[in-house]
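Text of entry_14.txt, listed as compact mmCIF, C-alpha atoms:
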# COMPACT_ATOMS: atom_id res chain seq x y z
CA MET A 9 119.89 147.61 61.87
CA LYS A 10 121.99 144.90 63.50
CA LYS A 11 125.57 145.96 64.13
CA LYS A 12 128.21 143.86 62.36
CA LYS A 13 130.51 141.77 64.49
CA VAL A 14 134.17 142.73 64.35
CA ALA A 15 136.89 140.08 64.56
CA LEU A 16 140.61 140.57 65.11
CA ILE A 17 142.87 137.68 64.05
CA THR A 18 146.54 137.43 64.95
CA GLY A 19 148.50 135.13 62.66
CA ILE A 20 146.10 135.91 59.83
CA THR A 21 148.67 135.12 57.12
CA GLY A 22 149.06 131.53 58.32
CA GLN A 23 147.08 128.38 57.61
CA ASP A 24 144.43 128.75 60.32
CA GLY A 25 144.26 132.53 60.04
CA SER A 26 143.49 132.47 56.33
CA TYR A 27 140.76 129.83 56.68
CA LEU A 28 139.24 131.63 59.66
CA ALA A 29 139.22 134.98 57.82
CA GLU A 30 137.34 133.42 54.90
CA PHE A 31 134.88 131.73 57.26
CA LEU A 32 134.13 134.91 59.23
CA LEU A 33 133.75 137.05 56.11
CA LYS A 34 131.10 134.61 54.87
CA LYS A 35 129.38 135.06 58.23
CA GLY A 36 129.20 138.81 57.61
CA TYR A 37 131.97 139.90 59.99
CA LEU A 38 134.30 142.83 59.56
CA VAL A 39 137.68 141.13 59.76
CA HIS A 40 140.90 142.75 60.94
CA GLY A 41 144.20 140.93 60.86
CA ILE A 42 147.63 141.55 62.34
CA LYS A 43 150.66 140.74 60.21
CA ARG A 44 154.37 141.19 60.77
CA LYS A 45 156.27 143.72 58.68
CA SER A 46 158.59 141.83 56.34
CA SER A 47 160.85 142.58 53.39
CA GLN A 48 159.23 139.61 51.64
CA PHE A 49 155.61 139.05 50.66
CA ASN A 50 153.96 136.89 53.32
CA THR A 51 150.31 137.29 52.37
CA GLN A 52 149.99 134.51 49.78
CA LEU A 53 147.31 132.65 51.74
CA ILE A 54 144.99 135.68 51.87
CA GLU A 55 145.54 136.95 48.33
CA ASN A 56 142.11 135.68 47.30
CA ILE A 57 140.57 138.03 49.88
CA TYR A 58 142.71 140.94 48.66
CA GLU A 59 141.63 140.36 45.09
CA ASP A 60 137.90 140.25 45.82
CA PRO A 61 136.60 143.81 45.29
CA SER A 62 133.47 143.09 47.31
CA ILE A 63 135.62 142.40 50.37
CA ASN A 64 138.88 144.33 50.29
CA ASN A 65 138.89 147.84 51.77
CA ARG A 66 135.36 147.45 53.10
CA LYS A 67 135.23 144.26 55.15
CA PHE A 68 138.86 143.20 55.49
CA PHE A 69 141.68 145.21 57.05
CA LEU A 70 145.33 144.49 57.82
CA HIS A 71 147.46 146.08 60.53
CA TYR A 72 151.21 145.82 60.97
CA GLY A 73 152.11 144.43 64.36
CA ASP A 74 154.21 141.89 66.21
CA MET A 75 153.37 139.68 69.17
CA THR A 76 156.58 140.86 70.87
CA ASP A 77 155.43 144.50 70.74
CA GLY A 78 152.84 145.05 73.46
CA LEU A 79 152.30 148.76 72.77
CA THR A 80 151.37 148.17 69.14
CA ILE A 81 149.06 145.28 70.06
CA THR A 82 147.25 147.52 72.55
CA LYS A 83 146.94 150.35 70.01
CA ILE A 84 145.41 148.01 67.41
CA ILE A 85 142.90 146.56 69.89
CA LYS A 86 141.97 150.06 71.07
CA LYS A 87 141.39 151.22 67.48
CA VAL A 88 139.47 148.14 66.29
CA ARG A 89 137.49 147.37 69.46
CA PRO A 90 136.88 143.80 68.30
CA SER A 91 133.94 141.80 69.55
CA GLU A 92 136.03 138.64 69.04
CA ILE A 93 139.80 138.17 69.20
CA TYR A 94 141.39 134.99 67.82
CA ASN A 95 145.00 134.54 68.88
CA LEU A 96 146.45 132.26 66.21
CA ALA A 97 149.88 133.87 66.03
CA ALA A 98 152.68 131.59 67.20
CA GLN A 99 155.96 130.07 66.26
CA SER A 100 154.40 126.64 65.88
CA HIS A 101 157.21 124.39 64.68
CA VAL A 102 158.05 122.02 67.55
CA ALA A 103 161.56 121.08 66.34
CA VAL A 104 162.50 124.74 65.82
CA SER A 105 161.43 125.54 69.38
CA PHE A 106 164.44 123.60 70.69
CA GLN A 107 166.71 125.89 68.68
CA ASN A 108 164.99 129.17 69.61
CA PRO A 109 163.37 128.66 73.04
CA GLU A 110 163.64 132.30 74.14
CA TYR A 111 161.97 133.63 71.00
CA ILE A 112 159.26 130.95 71.24
CA SER A 113 158.44 132.05 74.79
CA ASN A 114 158.37 135.74 73.87
CA VAL A 115 155.94 135.20 70.97
CA ASN A 116 153.79 132.32 72.19
CA SER A 117 153.64 132.95 75.94
CA PHE A 118 154.03 136.68 76.42
CA GLY A 119 152.18 137.42 73.18
CA THR A 120 149.06 135.96 74.81
CA LEU A 121 149.71 137.97 77.97
CA ARG A 122 149.96 141.18 75.93
CA ILE A 123 146.54 140.61 74.35
CA LEU A 124 144.81 139.70 77.61
CA GLU A 125 146.36 142.67 79.39
CA SER A 126 145.19 144.93 76.55
CA ILE A 127 141.63 143.69 76.98
CA ARG A 128 141.83 144.36 80.72
CA LEU A 129 143.55 147.75 80.58
CA LEU A 130 141.23 149.04 77.83
CA GLY A 131 138.16 148.02 79.82
CA LEU A 132 136.94 145.59 77.16
CA GLU A 133 136.20 142.70 79.54
CA ASN A 134 132.49 142.76 78.64
CA HIS A 135 133.03 143.62 75.00
CA SER A 136 135.80 141.42 73.55
CA LYS A 137 135.66 137.62 73.60
CA PHE A 138 139.05 135.90 73.39
CA TYR A 139 140.06 132.62 71.77
CA GLN A 140 143.49 131.11 72.49
CA ALA A 141 144.90 128.47 70.13
CA SER A 142 146.25 125.81 72.47
CA THR A 143 147.85 122.56 71.34
CA SER A 144 147.95 118.81 71.92
CA GLU A 145 151.72 119.18 72.45
CA MET A 146 150.87 120.36 75.97
CA PHE A 147 149.96 116.75 76.85
CA GLY A 148 153.35 115.30 75.97
CA ASP A 149 153.52 111.54 76.47
CA ASP A 150 150.37 110.98 78.50
CA LYS A 151 149.93 107.19 78.48
CA LYS A 152 146.15 107.36 78.10
CA LYS A 153 144.90 106.07 74.77
CA SER A 154 142.92 109.24 74.05
CA LEU A 155 143.20 112.68 75.59
CA ASN A 156 140.42 115.03 76.65
CA GLU A 157 139.96 118.26 78.59
CA LYS A 158 140.70 116.50 81.90
CA SER A 159 143.91 114.76 80.83
CA THR A 160 147.22 115.60 82.49
CA PHE A 161 149.62 118.04 80.83
CA HIS A 162 153.29 117.10 80.53
CA PRO A 163 154.85 119.05 77.61
CA LYS A 164 158.13 117.79 76.16
CA SER A 165 159.27 120.78 74.11
CA PRO A 166 159.77 124.54 74.55
CA TYR A 167 156.83 124.95 72.16
CA GLY A 168 154.54 122.83 74.34
CA ILE A 169 155.66 124.69 77.46
CA SER A 170 155.06 128.09 75.86
CA LYS A 171 151.54 127.06 74.91
CA LEU A 172 150.84 125.66 78.38
CA TYR A 173 151.72 129.06 79.87
CA SER A 174 149.17 130.66 77.54
CA TYR A 175 146.58 128.01 78.37
CA TRP A 176 146.76 128.68 82.11
CA LEU A 177 146.99 132.42 81.61
CA THR A 178 143.76 132.35 79.60
CA LYS A 179 142.02 130.46 82.41
CA VAL A 180 143.39 132.85 85.06
CA TYR A 181 142.17 135.96 83.20
CA ARG A 182 138.78 134.31 82.69
CA GLU A 183 138.42 133.55 86.39
CA SER A 184 140.05 136.72 87.72
CA TYR A 185 138.63 139.42 85.42
CA ASN A 186 135.47 137.77 84.05
CA ILE A 187 136.77 137.91 80.48
CA PHE A 188 135.10 135.55 78.02
CA ALA A 189 138.34 133.69 77.29
CA VAL A 190 138.61 130.12 76.00
CA ASN A 191 141.23 127.58 74.96
CA GLY A 192 140.84 125.40 71.90
CA ILE A 193 143.19 122.45 72.46
CA LEU A 194 143.93 121.65 68.83
CA PHE A 195 145.39 118.35 67.75
CA ASN A 196 147.32 118.26 64.46
CA HIS A 197 145.40 119.94 61.67
CA GLU A 198 146.77 120.16 58.16
CA SER A 199 145.81 121.44 54.72
CA GLU A 200 147.13 122.40 51.34
CA ARG A 201 148.09 125.71 53.02
CA ARG A 202 150.37 124.03 55.56
CA GLY A 203 153.97 125.25 55.71
CA GLU A 204 156.44 123.11 53.79
CA THR A 205 158.58 122.29 56.85
CA PHE A 206 155.71 120.52 58.64
CA ILE A 207 155.80 116.75 58.23
CA THR A 208 152.50 116.25 56.38
CA ARG A 209 153.23 118.93 53.79
CA LYS A 210 156.83 117.79 53.56
CA ILE A 211 155.54 114.32 52.66
CA THR A 212 152.88 115.36 50.14
CA LYS A 213 155.19 117.87 48.45
CA GLY A 214 158.19 115.52 48.50
CA LEU A 215 156.31 112.57 47.01
CA SER A 216 154.69 114.82 44.39
CA GLU A 217 158.15 116.03 43.38
CA ILE A 218 159.42 112.45 43.20
CA VAL A 219 156.68 111.29 40.80
CA CYS A 220 157.31 114.39 38.68
CA GLY A 221 161.05 113.74 38.48
CA LYS A 222 161.98 116.79 40.57
CA ARG A 223 163.49 114.79 43.45
CA LYS A 224 165.02 111.35 43.98
CA CYS A 225 164.38 110.66 47.67
CA LEU A 226 162.50 112.06 50.66
CA TYR A 227 164.27 112.12 54.05
CA VAL A 228 162.12 111.98 57.19
CA GLY A 229 162.42 111.58 60.96
CA ASN A 230 160.49 109.30 63.31
CA LEU A 231 158.28 107.03 61.19
CA ASN A 232 156.55 105.60 64.25
CA SER A 233 155.15 108.86 65.65
CA LYS A 234 151.36 108.67 65.75
CA ARG A 235 149.16 111.72 65.41
CA ASP A 236 145.50 112.68 65.24
CA TRP A 237 145.29 114.55 61.92
CA GLY A 238 142.36 116.68 60.79
CA HIS A 239 141.81 119.46 58.26
CA ALA A 240 142.27 123.09 59.34
CA GLU A 241 139.10 124.14 57.52
CA ASP A 242 137.04 122.01 59.93
CA TYR A 243 138.92 123.25 62.95
CA VAL A 244 138.44 126.99 62.43
CA LYS A 245 134.66 126.51 62.55
CA MET A 246 135.12 124.96 65.97
CA GLN A 247 137.11 128.00 67.06
CA TRP A 248 134.22 130.25 66.07
CA LEU A 249 131.63 128.01 67.76
CA MET A 250 133.49 128.27 71.06
CA LEU A 251 133.00 132.05 71.11
CA GLN A 252 129.27 131.79 70.32
CA GLN A 253 128.42 129.95 73.55
CA LYS A 254 126.71 131.47 76.57
CA ASN A 255 129.53 130.48 78.92
CA PRO A 256 133.27 130.24 78.18
CA LYS A 257 134.67 126.69 78.17
CA ASP A 258 137.79 124.95 76.90
CA TYR A 259 137.49 122.19 74.31
CA VAL A 260 139.65 119.55 72.65
CA ILE A 261 139.52 119.82 68.86
CA ALA A 262 140.40 116.49 67.26
CA THR A 263 139.13 113.73 64.96
CA GLY A 264 139.45 110.88 67.46
CA LYS A 265 141.39 108.88 64.86
CA GLN A 266 145.11 108.27 64.61
CA LEU A 267 147.75 107.49 62.00
CA SER A 268 151.52 106.98 62.13
CA VAL A 269 153.89 108.96 59.95
CA LYS A 270 154.70 105.74 58.06
CA ASN A 271 151.04 105.05 57.34
CA PHE A 272 150.52 108.65 56.27
CA ILE A 273 153.33 108.11 53.75
CA ASN A 274 151.71 104.86 52.61
CA LYS A 275 148.38 106.59 52.02
CA CYS A 276 150.07 109.40 50.05
CA SER A 277 152.06 106.90 47.98
CA ASN A 278 148.96 104.86 47.23
CA TYR A 279 147.12 107.96 46.04
CA LEU A 280 150.02 108.63 43.66
CA GLY A 281 149.84 105.05 42.35
CA ILE A 282 152.88 103.72 44.23
CA LYS A 283 153.01 100.73 46.57
CA LEU A 284 155.88 100.84 49.04
CA ASN A 285 157.64 98.02 50.85
CA TRP A 286 159.52 98.88 54.03
CA HIS A 287 162.92 97.43 54.92
CA GLY A 288 165.36 97.83 57.81
CA LYS A 289 164.78 99.23 61.29
CA GLY A 290 165.29 102.50 63.13
CA LEU A 291 167.68 104.89 61.41
CA LYS A 292 168.29 102.32 58.67
CA GLU A 293 164.65 101.94 57.67
CA TYR A 294 163.71 102.86 54.11
CA GLY A 295 160.79 102.69 51.70
CA LYS A 296 161.28 100.95 48.35
CA ILE A 297 158.89 100.94 45.39
CA ALA A 298 157.22 97.52 45.10
CA LYS A 299 154.72 98.42 42.40
CA ILE A 300 153.81 101.41 40.20
CA LYS A 301 150.21 101.64 39.03
CA ASN A 302 150.77 104.07 36.17
CA GLU A 303 153.70 104.13 33.80
CA ASN A 304 156.23 106.67 35.02
CA SER A 305 159.46 107.43 33.18
CA PHE A 306 161.00 108.88 36.35
CA LEU A 307 160.47 105.85 38.60
CA LYS A 308 160.90 102.12 38.51
CA LYS A 309 160.31 99.14 40.76
CA GLY A 310 163.06 98.85 43.38
CA ASP A 311 163.76 102.59 43.66
CA VAL A 312 164.32 103.73 47.26
CA ILE A 313 162.32 106.92 47.67
CA ILE A 314 162.02 107.24 51.49
CA LYS A 315 164.93 107.25 53.95
CA VAL A 316 165.16 108.01 57.67
CA ASP A 317 167.55 110.79 58.70
CA LYS A 318 168.50 111.39 62.34
CA ARG A 319 168.67 115.15 61.68
CA TYR A 320 164.87 115.22 61.66
CA PHE A 321 164.41 113.63 65.08
CA ARG A 322 163.45 115.92 67.95
CA PRO A 323 165.63 115.96 71.09
CA ASN A 324 162.59 114.82 73.12
CA ASP A 325 159.94 113.34 70.85
CA VAL A 326 156.25 112.75 71.62
CA GLU A 327 155.40 109.33 70.21
CA ASN A 328 151.64 109.23 70.60
CA LEU A 329 148.85 111.83 70.43
CA LEU A 330 145.16 110.97 70.05
CA GLY A 331 142.34 113.37 70.88
CA ASP A 332 138.92 112.71 72.38
CA PRO A 333 136.51 115.36 71.02
CA LYS A 334 133.34 113.97 72.69
CA LYS A 335 132.71 117.15 74.68
CA ALA A 336 132.83 119.31 71.54
CA VAL A 337 130.67 116.88 69.58
CA LYS A 338 128.05 116.81 72.35
CA GLU A 339 127.98 120.46 73.46
CA LEU A 340 128.80 122.28 70.23
CA ASN A 341 127.32 119.79 67.76
CA TRP A 342 130.66 119.80 65.95
CA LYS A 343 132.11 117.01 63.86
CA PRO A 344 135.03 117.08 61.40
CA LYS A 345 133.78 116.63 57.83
CA ILE A 346 137.03 116.19 55.90
CA SER A 347 138.49 112.67 56.20
CA ILE A 348 142.20 111.86 56.22
CA ASP A 349 141.90 110.50 52.67
CA ALA A 350 140.20 113.68 51.47
CA LEU A 351 142.86 115.74 53.26
CA ILE A 352 145.66 113.85 51.50
CA LYS A 353 143.92 114.15 48.13
CA ARG A 354 143.58 117.93 48.49
CA MET A 355 147.17 118.38 49.63
CA ILE A 356 148.71 116.25 46.88
CA ASN A 357 146.54 117.72 44.13
CA ASN A 358 147.60 121.19 45.24
CA ASP A 359 151.29 120.22 45.28
CA LEU A 360 151.05 118.63 41.82
CA LYS A 361 149.34 121.76 40.53
CA ASN A 362 152.10 123.97 41.95
CA ILE A 363 154.79 121.81 40.33
CA GLU A 364 153.01 122.06 36.99
CA ILE A 365 152.71 125.85 37.29
CA LYS A 366 156.45 126.19 38.04
CA LYS A 367 157.20 123.91 35.12
CA ASN A 368 155.30 126.20 32.74
CA VAL A 369 156.75 129.46 34.06
Write-out of the structure in structure tokens:
Amino acid sequence: MKKKKVALITGITGQDGSYLAEFLLKKGYLVHGIKRKSSQFNTQLIENIYEDPSINNRKFFLHYGDMTDGLTITKIIKKVRPSEIYNLAAQSHVAVSFQNPEYISNVNSFGTLRILESIRLLGLENHSKFYQASTSEMFGDDKKKSLNEKSTFHPKSPYGISKLYSYWLTKVYRESYNIFAVNGILFNHESERRGETFITRKITKGLSEIVCGKRKCLYVGNLNSKRDWGHAEDYVKMQWLMLQQKNPKDYVIATGKQLSVKNFINKCSNYLGIKLNWHGKGLKEYGKIAKIKNENSFLKKGDVIIKVDKRYFRPNDVENLLGDPKKAVKELNWKPKISIDALIKRMINNDLKNIEIKKNV
């Protein structure tokens, strides 16, 4: 009888962690996750796994731990002896990293070190494969049109720097101790499970609230920032594929397509039946309703529903990020399946559903 693979996921209660857990369970894995102890419930994204009697207590296990606590991390890895470790735990909000740079470094940088050292000290170099969630923010403002595995790194935030430390550390442990350790350089990936402070979810939720009469105006930062946006559900498959290869390699995970924040707003507005006209420049730019497709008692033509607010600008912003996933497409036969329009549809439908549920409570 073939022995089941065992996966350990840090950050399992987040967007990527929840999608990855579902994906691996369907593949027949035993899945272990590490979650922080909190006075509040923080397991909403994995409740569906909890509630499935065919999974919970037999195939899915949670452990309390923290990326700043090396002893606990080592104890969990020693107990679980995972065949695959996915390090998805991080403080991943770029703007917040300017406010809490020390904490960011402790979690994102030294958290990775603690896992890799655990693998080495426990003698699991030939047993546990390691995946590190790297980020496009490591590139900073590289002037190349699209960025691949050979592009230059120049991070412009404490978050990007913390992830670059982990990136190089993963390569060093791979080369020094023969650990199967890889970096997935992920460009922006969103979903209906995205945190509400991230710009895409802030937009879909804010506009959904506006059409439902729950909000008058949405305030945003840099409208001209361009990003390569994909769906997290596509990206977690890529993470798994990287650990199924014969040799460990690093890959860019991206769609190869780009959209500005303003155009993301336009697409969301259009899906909700609103055409926006933009007026002004810089901090005085705003979006005004030019046309409403469906009758809406809460809105009318001429309403200003988008405004720029300097509070939401980063101290050192990255204007342009576009990924080149050719290596992944060629070597791993991977391609994102969920388009930007499908992503927006799923996010907005989920936000509208949540508003309706709250309304009926």
Of the listed residues A:Phe118, A:Leu249, A:Leu231, A:Lys257, that which approaches Glu293 in chain A most closely, counting all atoms listed in the file: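 Of A:Phe118, A:Leu249, A:Leu231, A:Lys257, the one nearest Glu293 in chain A, counting all atoms listed in the file, is A:Leu231.
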Long-range neighbours of Gly203 in chain A as a PyMOL selection string, 12 Å cut-off, only C-alpha atoms, 2 positions minimum in chain: chain A and resi 21-24+50+52-53+99-101+197-201+205-213+355+359
Selection above as a file: C-alpha atoms, as an mmCIF file, in the frame of the given file:
data_model
loop_
_atom_site.group_PDB
_atom_site.id
_atom_site.type_symbol
_atom_site.label_atom_id
_atom_site.label_comp_id
_atom_site.auth_asym_id
_atom_site.auth_seq_id
_atom_site.Cartn_x
_atom_site.Cartn_y
_atom_site.Cartn_z
ATOM 1 C CA THR A 21 148.670 135.120 57.120
ATOM 2 C CA GLY A 22 149.060 131.530 58.320
ATOM 3 C CA GLN A 23 147.080 128.380 57.610
ATOM 4 C CA ASP A 24 144.430 128.750 60.320
ATOM 5 C CA ASN A 50 153.960 136.890 53.320
ATOM 6 C CA GLN A 52 149.990 134.510 49.780
ATOM 7 C CA LEU A 53 147.310 132.650 51.740
ATOM 8 C CA GLN A 99 155.960 130.070 66.260
ATOM 9 C CA SER A 100 154.400 126.640 65.880
ATOM 10 C CA HIS A 101 157.210 124.390 64.680
ATOM 11 C CA HIS A 197 145.400 119.940 61.670
ATOM 12 C CA GLU A 198 146.770 120.160 58.160
ATOM 13 C CA SER A 199 145.810 121.440 54.720
ATOM 14 C CA GLU A 200 147.130 122.400 51.340
ATOM 15 C CA ARG A 201 148.090 125.710 53.020
ATOM 16 C CA THR A 205 158.580 122.290 56.850
ATOM 17 C CA PHE A 206 155.710 120.520 58.640
ATOM 18 C CA ILE A 207 155.800 116.750 58.230
ATOM 19 C CA THR A 208 152.500 116.250 56.380
ATOM 20 C CA ARG A 209 153.230 118.930 53.790
ATOM 21 C CA LYS A 210 156.830 117.790 53.560
ATOM 22 C CA ILE A 211 155.540 114.320 52.660
ATOM 23 C CA THR A 212 152.880 115.360 50.140
ATOM 24 C CA LYS A 213 155.190 117.870 48.450
ATOM 25 C CA MET A 355 147.170 118.380 49.630
ATOM 26 C CA ASP A 359 151.290 120.220 45.280
#
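Distances from A:Leu330, A:Leu291, A:Cys220, A:Leu351 to Glu364 in chain A were compared using all atoms listed in the file, and the smallest one belongs to A:Cys220.
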From A:Asn341, A:Val219, A:Lys153, A:Gly331, residue lying nearest Ile300 in chain A [only C-alpha atoms]: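 Distance minimum relative to Ile300 in chain A lands on A:Val219.
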Who sits within 12 Å of Phe106 in chain A, only C-alpha atoms, same chain under 2 positions skipped, as a list of chain:residue names: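 Skipping anything fewer than 2 positions along the chain leaves A:Gln99, A:Ser100, A:His101, A:Val102, A:Ala103, A:Val104, A:Asn108, A:Pro109, A:Glu110, A:Tyr111, A:Ile112, A:Ser113, A:Lys164, A:Ser165, A:Pro166, A:Tyr167, A:Gly168, A:Ile169, A:Ser170, A:Phe321, A:Arg322, A:Pro323, A:Asn324, A:Asp325.
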Best match for closeness to Asp317 in chain A among A:Gly281, A:Arg354, A:Lys245, A:Cys225, counting only C-alpha atoms: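 Of A:Gly281, A:Arg354, A:Lys245, A:Cys225, the one nearest Asp317 in chain A is A:Cys225, counting only C-alpha atoms.
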Pick from A:Asp349, A:Glu241, A:Glu145, A:Asp236 nearest to Pro333 in chain A, counting all atoms listed in the file: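 Of the candidates, the smallest distance to Pro333 in chain A is held by A:Asp236.
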Exercise: range 30-32 of chain A partners within 10 Å, all atoms listed in the file, chain neighbours under 2 positions left out, as a VMD selection string: chain A and resid 13 to 15 25 to 28 34 to 39 54 56 to 57 68 241 244 to 245 248
Output file for the selection above: C-alpha atoms, as a PDB file, in the coordinates of the input:
ATOM      1  CA  LYS A  13     130.510 141.770  64.490  1.00  0.00           C
ATOM      2  CA  VAL A  14     134.170 142.730  64.350  1.00  0.00           C
ATOM      3  CA  ALA A  15     136.890 140.080  64.560  1.00  0.00           C
ATOM      4  CA  GLY A  25     144.260 132.530  60.040  1.00  0.00           C
ATOM      5  CA  SER A  26     143.490 132.470  56.330  1.00  0.00           C
ATOM      6  CA  TYR A  27     140.760 129.830  56.680  1.00  0.00           C
ATOM      7  CA  LEU A  28     139.240 131.630  59.660  1.00  0.00           C
ATOM      8  CA  LYS A  34     131.100 134.610  54.870  1.00  0.00           C
ATOM      9  CA  LYS A  35     129.380 135.060  58.230  1.00  0.00           C
ATOM     10  CA  GLY A  36     129.200 138.810  57.610  1.00  0.00           C
ATOM     11  CA  TYR A  37     131.970 139.900  59.990  1.00  0.00           C
ATOM     12  CA  LEU A  38     134.300 142.830  59.560  1.00  0.00           C
ATOM     13  CA  VAL A  39     137.680 141.130  59.760  1.00  0.00           C
ATOM     14  CA  ILE A  54     144.990 135.680  51.870  1.00  0.00           C
ATOM     15  CA  ASN A  56     142.110 135.680  47.300  1.00  0.00           C
ATOM     16  CA  ILE A  57     140.570 138.030  49.880  1.00  0.00           C
ATOM     17  CA  PHE A  68     138.860 143.200  55.490  1.00  0.00           C
ATOM     18  CA  GLU A 241     139.100 124.140  57.520  1.00  0.00           C
ATOM     19  CA  VAL A 244     138.440 126.990  62.430  1.00  0.00           C
ATOM     20  CA  LYS A 245     134.660 126.510  62.550  1.00  0.00           C
ATOM     21  CA  TRP A 248     134.220 130.250  66.070  1.00  0.00           C
TER      22      TRP A 248
END
Polymer residues at most 10 Å from Lys283 in chain A, all atoms listed in the file, same-chain spacing of 5 or more positions, as a VMD selection string: chain A and resid 274 to 278 295 to 301 309
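Take the candidates A:Gly290, A:Gly238, A:Gly19, A:Gly310 and check each one against Leu267 in chain A using all atoms listed in the file; the shortest distance goes to A:Gly238.
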Atom-to-atom span, CA of Gly221 in chain A and CA of Glu303 in chain A, Å: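 Distance reported for this atom pair: 13.0 Å.
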Near-Asp258 in chain A list (9 Å; only C-alpha atoms; drop same-chain fewer than 2 positions) as a PyMOL selection string: chain A and resi 157+179+189-193+250+256+260
Coordinates-based distance that separates CA of Leu96 in chain A from CA of Lys345 in chain A (Å, one decimal):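 Atom-to-atom, CA of Lys345 in chain A and CA of Leu96 in chain A are spaced 21.8 Å apart.
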Length of the CA of Lys308 in chain A to CA of Ser216 in chain A vector [Å]: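 Interatomic distance here is 15.3 Å.
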